[in-house]
Structure formats: C-alpha cells, structure tokens
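**Student:** One structure is given below, represented as structure tokens, and several questions about it will come after.
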Amino acid sequence: MSQAWDTGGELRRIVRINEEIKSVVATAFKINLMAMNAIFLAKRAGQAALGFSVLSNELRRFATDLQQQMEVLRQMTHGSVASVTALVKSERLNRVVDRLRAEVSGQARAIIERYLRTRQTTAFVLHQEAIATQNRRLGQTIADTAQLVELGSVLARSAKIEAAYGGSFSAALMQVSSDFEHTIAEIHRSLELLSRHRD
Amino acid sequence: MKTAQVIYENGDHRWLAIVRDPDRPEYLIDTNEYVVSVGDDAILLDPGGSEIFPAVFSALCAEFDPRRISKIFASHQDPDIASSLSMWLEFSPDLKCYISWLWAGFVPHFGGAGDTFIPIPDPGMDIPVGRERLRAVPAHYLHSSGNFHLYDPKAKILFSGDVGAALLPSGEDGLFVENFDRHIAHAEGFHRRWMGSERAKRDWCARVGDMDIDMLCPQHGAIYRGEDVRRFIDWFAQLEVGAVKS
C-alpha cells in the first residue's frame with residue numbers, strides 16, 4: 001500500500017521555516033530604518049557622501065525586496081500546509097479502506113481493491129507529489145533570496161568604501177556601513193537555517 | 001487568508017485572535033480561533049474544523065510559534081470546533097485536549113487517544129497556562145449539553161464559544177463590535193435558534209454578569225469590548241430563546 005509520510009515532521013518543518021521568515025522580516029525592517037538614518041546622515045555630510053547616499057537608497061530598496069520575498073515564502077508554506085492536510089486526510093481514508101479490505105472477501109474485496117488501485121491511491125500519490133513540488137519551489141525561492149542577500153552584502157561593502165571618502169563624516173559613515181554589514185550577516189545565518197529546513 | 005491579531009498583551013501574557021477568512025468557501029461557517037500564551041506555554045481555544053486547518057495554522061505561524069501550544073480547549077463537540085484535532089495531534093502528538101466529560105468519548109472520533117483528553121467536570125475547573133490559571137466556566141445547553149467557556153481573570157477576557165456569535169454579512173469584517181445595535185441584528189436569529197434553554201441562559205447571564213470582563217470573545221463574528229460586554233449580557237438576558245419562530 002502507500003508509503004507512510006511523516007506529516008507531523010512536515011508541519012514542524014514548516015513552523016521552523018516560518019520562524020526564520022519572521023526573523024528575516026524583523027531584520028529587513030531594521031535595515032530599512034538604518035538605511036533611512038544613513039540617508040539623513042549622508043545628506044548632512046553633503047557632496048562628499050553622495051555615493052554613500054545612493055547606496056543607502058539601494059539598501060532601503062533591498063530591505064523592501066527582501067520583505068516581499070519573505071511574503072512569497074510565507075505564502076508557499078501556506079500551500080504546503082494545505083497539501084499536508086490533504087495528505088493526512090487521504091492517509092486516514094486509506095487506513096480505513098485497508099482495514100475494510102482485510103475484513104471482507106469475494107466481490108466486496110474486489111471492489112475495494114479496484115477503488116484502492118484507482119481513486120484513493122491516486123489522490124494520495126498526487127498529494128505527495130504536490131508536497132515534493134512545493135518543496136522544490138521553496139528551495140528555489142530560498143536560493144533566489146540568497147542571491148538577493150549577496151547583493152545586500154555587496155551594497156554594504158561598497159558603502160564602507162564610500163564612507164572612506166566622507167570627509168569629516170567618514171568615521172560616522174564607516175560605523176553605519178559596519179552596522180549594515182553585521183545586520184546583513186544575520187540574514188545570511190537565517191538563510192542558512194532556511195536552506196537546512198527546505199526539504 | 002486568515003490573520004492572527006494580538007487583542008491583549010501584558011508582558012509575556014498575550015491573547016491572539018485568528019479571525020476572518022475571505023478565502024473560505026461559502027458553504028463553511030466562518031470561525032474565530034484564539035491562543036492564550038503565558039511565557040513559553042500556550043493554549044489554543046476551539047481550534048476549528050479540519051477544512052480550515054491550513055488557514056488557521058498558517059495565520060498562527062505568521063505571528064506565533066505553535067510549538068509552544070501544549071493544550072487545546074474545546075468549548076463543545078461540534079465539527080467546526082474540534083474536527084481539526086487530528087491535524088493538531090499530527091503536529092504535536094502530546095497535546096492535551098480539555099473538553100466536557102460528556103464529550104470525552106465522542107470527540108476521539110475526530111482524533112486522539114484516551115490520554116489526549118482531560119474531561120472537565122460539570123462545575124468547571126482551572127486550567128493552568130504557564131504561571132496563570134484560566135477558568136472553565138459552565139455554559140451547559142448554550143448550545144451544547146456539555147458546554148464550557150474560558151475566563152482569563154488577569155486579562156479580564158471571556159472566551160464565550162457560540163454565545164455572542166454573529167453571522168456577519170460580507171463587508172462587515174471588523175475585529176471588534178463598533179455599532180452594537182447594528183451588530184446585534186446579526187446575532188439575534190442565531191441565539192434564538194441555537195440557545196436551547198431559557199433557564200440555562202438566565203443562569204449564564206447571572207454567572208457572567210458578576211464577572212469582571214473587558215472583552216467577550218465569541219467563536220463567530222466580532223469581539224465585544226468595554227460597555228458592549230454589559231450591553232450584550234443584558235440583551236441576551238431578555239431574548240426569548242429555545243423556540244423556532246415561524
């Protein structure tokens with residue numbers, strides 16, 4: 001009959017993914033605020049911090065893109081919960097029909113076996129395939145997010161270089177760009193955990 | 001998609017309401033679920049039907065770590081209250097379910113084994129959540145013959161199951177009751193038909209009327225707060241129930 005699937009484990013995995021999503025969303029919110037402050041600081045620094053200002057704007061956009069990407073991931077996990085729920089129902093029905101098959105004989109048994117070969121088993125396999133497909137998409141989205149975060153790291157490093165040209169504001173700008181780097185490193189750690197939970 | 005919203009917060013003591021599902025099929029009644037958390041412990045109130053488990057679970061995950069839920073409170077036995085129990089047990093097999101002793105032999109048809117259920121005796125009982133104790137308040141025959149509500153004395157919130165429920169038309173999807181007179185029109189038919197005992201209603205109104213309640217949270221429709229709690233109790237006390245109006 002059908003192969004057992006650890007549906008409880010699947011739900012707990014979805015919870016762990018959501019916990020990391022929340023952590024990334026909170027960090028993205030922090031980057032957005034930091035970038036806004038950085039833009040004001042760059043404005044005070046004037047001409048010398050024009051490049052820094054452009055990069056801070058890009059970091060704000062990065063934070064927004066990251067939040068949107070997390071919403072996509074969250075929607076995907078919602079789809080996964082629906083598939084797991086359908087699988088559990090299907091599994092339960094299979095168990096009942098299995099018990100029934102063991103208790104009957106003759107024509108009744110033939111009818112049940114035909115049913116198992118067609119409708120119910122097919123539904124079960126379809127739910128399993130749906131979960132596998134969703135997991136592949138989830139993995140791809142996490143990989144896409146990793147690329148986005150890499151862009152964030154590049155922006156933070158570039159901001160550090162630009163900070164060196166910030167004249168009398170150089171030290172303050174350097175501090176802000178280091179904060180960006182550390183905060184984006186937190187996102188890298190969350191993404192590593194997300195990658196581990198993707199299947 | 002359903003959303004989880006914080007309706008009470010005091011330090012690590014929180015009430016979350018999981019409400020309104022615009023994507024729900026029309027043939028399913030809309031339900032509210034609630035989570036009370038204290039520190040690392042949490043209880044889920046009326047977890048809902050199995051059809052809406054994905055929406056409830058996903059909405060909860062967005063705001064809260066459901067691994068903290070150690071127990072479930074089921075106000076009564078209806079499928080829109082407890083048929084998702086089997087899914088919750090898949091997720092967390094050690095969950096305990098508090099329900100009236102009357103239904104402890106019936107609800108396992110939805111899922112769970114003998115040690116899943118903690119039967120609540122007719123007079124009610126305290127249910128520990130972290131360092132706090134919530135009180136299962138008798139509400140028998142409103143509408144189920146074995147029925148409890150759950151009172152949180154610290155938060156001053158009463159989870160009132162089907163009492164206070166309103167079947168709201170689309171568009172009226174606020175979390176709280178904003179216009180009592182308009183709202184109660186959507187509650188009247190429901191209470192007349194579903195609340196089967198005049199005497200049970202009077203007992204409940206007397207019992208709950210003595211309690212200090214800031215929010216009354218039903219399983220369907222919007223939440224009553226402030227003066228609307230007293231208005232609702234008074235309205236319910238004078239409503240004729242247990243009769244089919246032709």
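Ligands are numbered from 1 in the order shown, chains are lettered A, B, ... in the order of the structure tokens, and residues start at 1 in each chain.
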Show me, as a PDB file with C-alpha atoms, in the first residue's frame, the residues of chain A whose atoms get within 7 Å of chain B, using only C-alpha atoms for the distance check.
**Tutor:**
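What landed in selection25.pdb:
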```
ATOM      1  CA  THR A   7       3.236  14.618   8.148  1.00  0.00           C
ATOM      2  CA  GLY A   8       3.841  15.828  11.711  1.00  0.00           C
ATOM      3  CA  LEU A  11       4.320  20.583   9.774  1.00  0.00           C
ATOM      4  CA  ARG A  12       7.100  21.140  12.313  1.00  0.00           C
ATOM      5  CA  VAL A  15       6.933  26.083  11.571  1.00  0.00           C
ATOM      6  CA  ASN A  18       8.164  30.443   9.396  1.00  0.00           C
ATOM      7  CA  GLU A  19      10.250  31.232  12.470  1.00  0.00           C
ATOM      8  CA  HIS A  78       0.617  28.110   3.428  1.00  0.00           C
ATOM      9  CA  VAL A  81       0.184  23.165   4.996  1.00  0.00           C
ATOM     10  CA  ALA A  82      -2.851  22.700   2.722  1.00  0.00           C
ATOM     11  CA  THR A  85      -3.649  18.456   5.470  1.00  0.00           C
TER      12      THR A  85
END
```
**Student:** Hey, what's within 10 Å of Val229 (chain B) if we count only C-alpha atoms and toss same-chain stuff fewer than 3 positions away? As a compact mmCIF listing (two decimals) with C-alpha atoms, in the first residue's frame, please?
**Tutor:**
```
# COMPACT_ATOMS: atom_id res chain seq x y z
CA LEU B 158 -14.08 35.64 28.49
CA GLY B 164 -22.21 36.25 21.44
CA VAL B 177 -18.12 45.35 17.54
CA PHE B 180 -23.82 47.38 18.93
CA GLY B 209 -22.84 39.28 34.93
CA ILE B 213 -14.93 41.27 31.83
CA ASP B 214 -13.24 43.70 29.45
CA MET B 215 -13.68 41.56 26.34
CA LEU B 216 -16.15 38.87 25.36
CA CYS B 217 -14.76 36.76 22.52
CA ILE B 223 -15.47 40.73 19.73
CA TYR B 224 -17.43 42.76 22.31
CA ARG B 225 -15.42 45.10 24.48
CA GLY B 226 -15.98 47.74 27.15
CA PHE B 232 -24.67 42.03 25.26
CA ILE B 233 -25.38 40.28 28.59
CA ASP B 234 -28.45 42.47 29.15
CA TRP B 235 -29.66 41.90 25.58
```
**Student:** Between CA of Ser83 (chain A) and CA of Thr118 (chain A), what is the spacing in Å?
**Tutor:** 19.7 Å
**Student:** Please identify which residues in region 110-219 of chain B DSSP calls alpha helix (DSSP H) from the backbone, and express them as JSON, numbers by chain.
**Tutor:** {"B": [180, 181, 182, 183, 184, 185, 186, 187, 188, 189, 190, 191, 192, 193, 194, 198, 199, 200, 201, 202, 203, 204, 205, 206, 207, 208, 209]}
**Student:** Kindly give the distance, in Å, that separates CA of Gln147 (chain A) and CA of Lys30 (chain A), rounded to a single decimal.
**Tutor:** 19.7 Å
**Student:** Contacts of Arg199 (chain B) at 12 Å or less, counting only C-alpha atoms, minus same-chain residues fewer than 2 places along, as a list in words?
**Tutor:**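 Non-adjacent residues within range: Ala139, His140, Tyr141, Leu142, Met195, Gly196, Ser197, Lys201, Arg202, Asp203, Trp204, Cys205, Ala206, Ala237, Gln238, Leu239, Glu240, Val241 and Gly242 of chain B.
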**Student:** Could you check the closest approach to Ser153 (chain A) for each of A:Ile184, A:Ala38, A:Leu93, A:Met76 and tell me which residue wins, using only C-alpha atoms?
**Tutor:** A:Ile184
**Student:** I want to know what sits within 12 Å of Gln68 (chain A), based on only C-alpha atoms, with residues of the same chain fewer than 5 positions away left out; could you give that as a ChimeraX atom specification?
**Tutor:** /A:21,24-25,28-29,61-63,73-75,141,145,148
**Student:** Quick one: distance from CA of Glu71 (chain A) to CA of Lys22 (chain A) in Å, one decimal?
**Tutor:**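 A separation of 9.8 Å between them.
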**Student:** What's the 8 Å shell around Pro138 (chain B), counting only C-alpha atoms, without same-chain residues fewer than 4 positions away, as an NGL selection string?
**Tutor:** :B and (122-124 or 147-149 or 204)
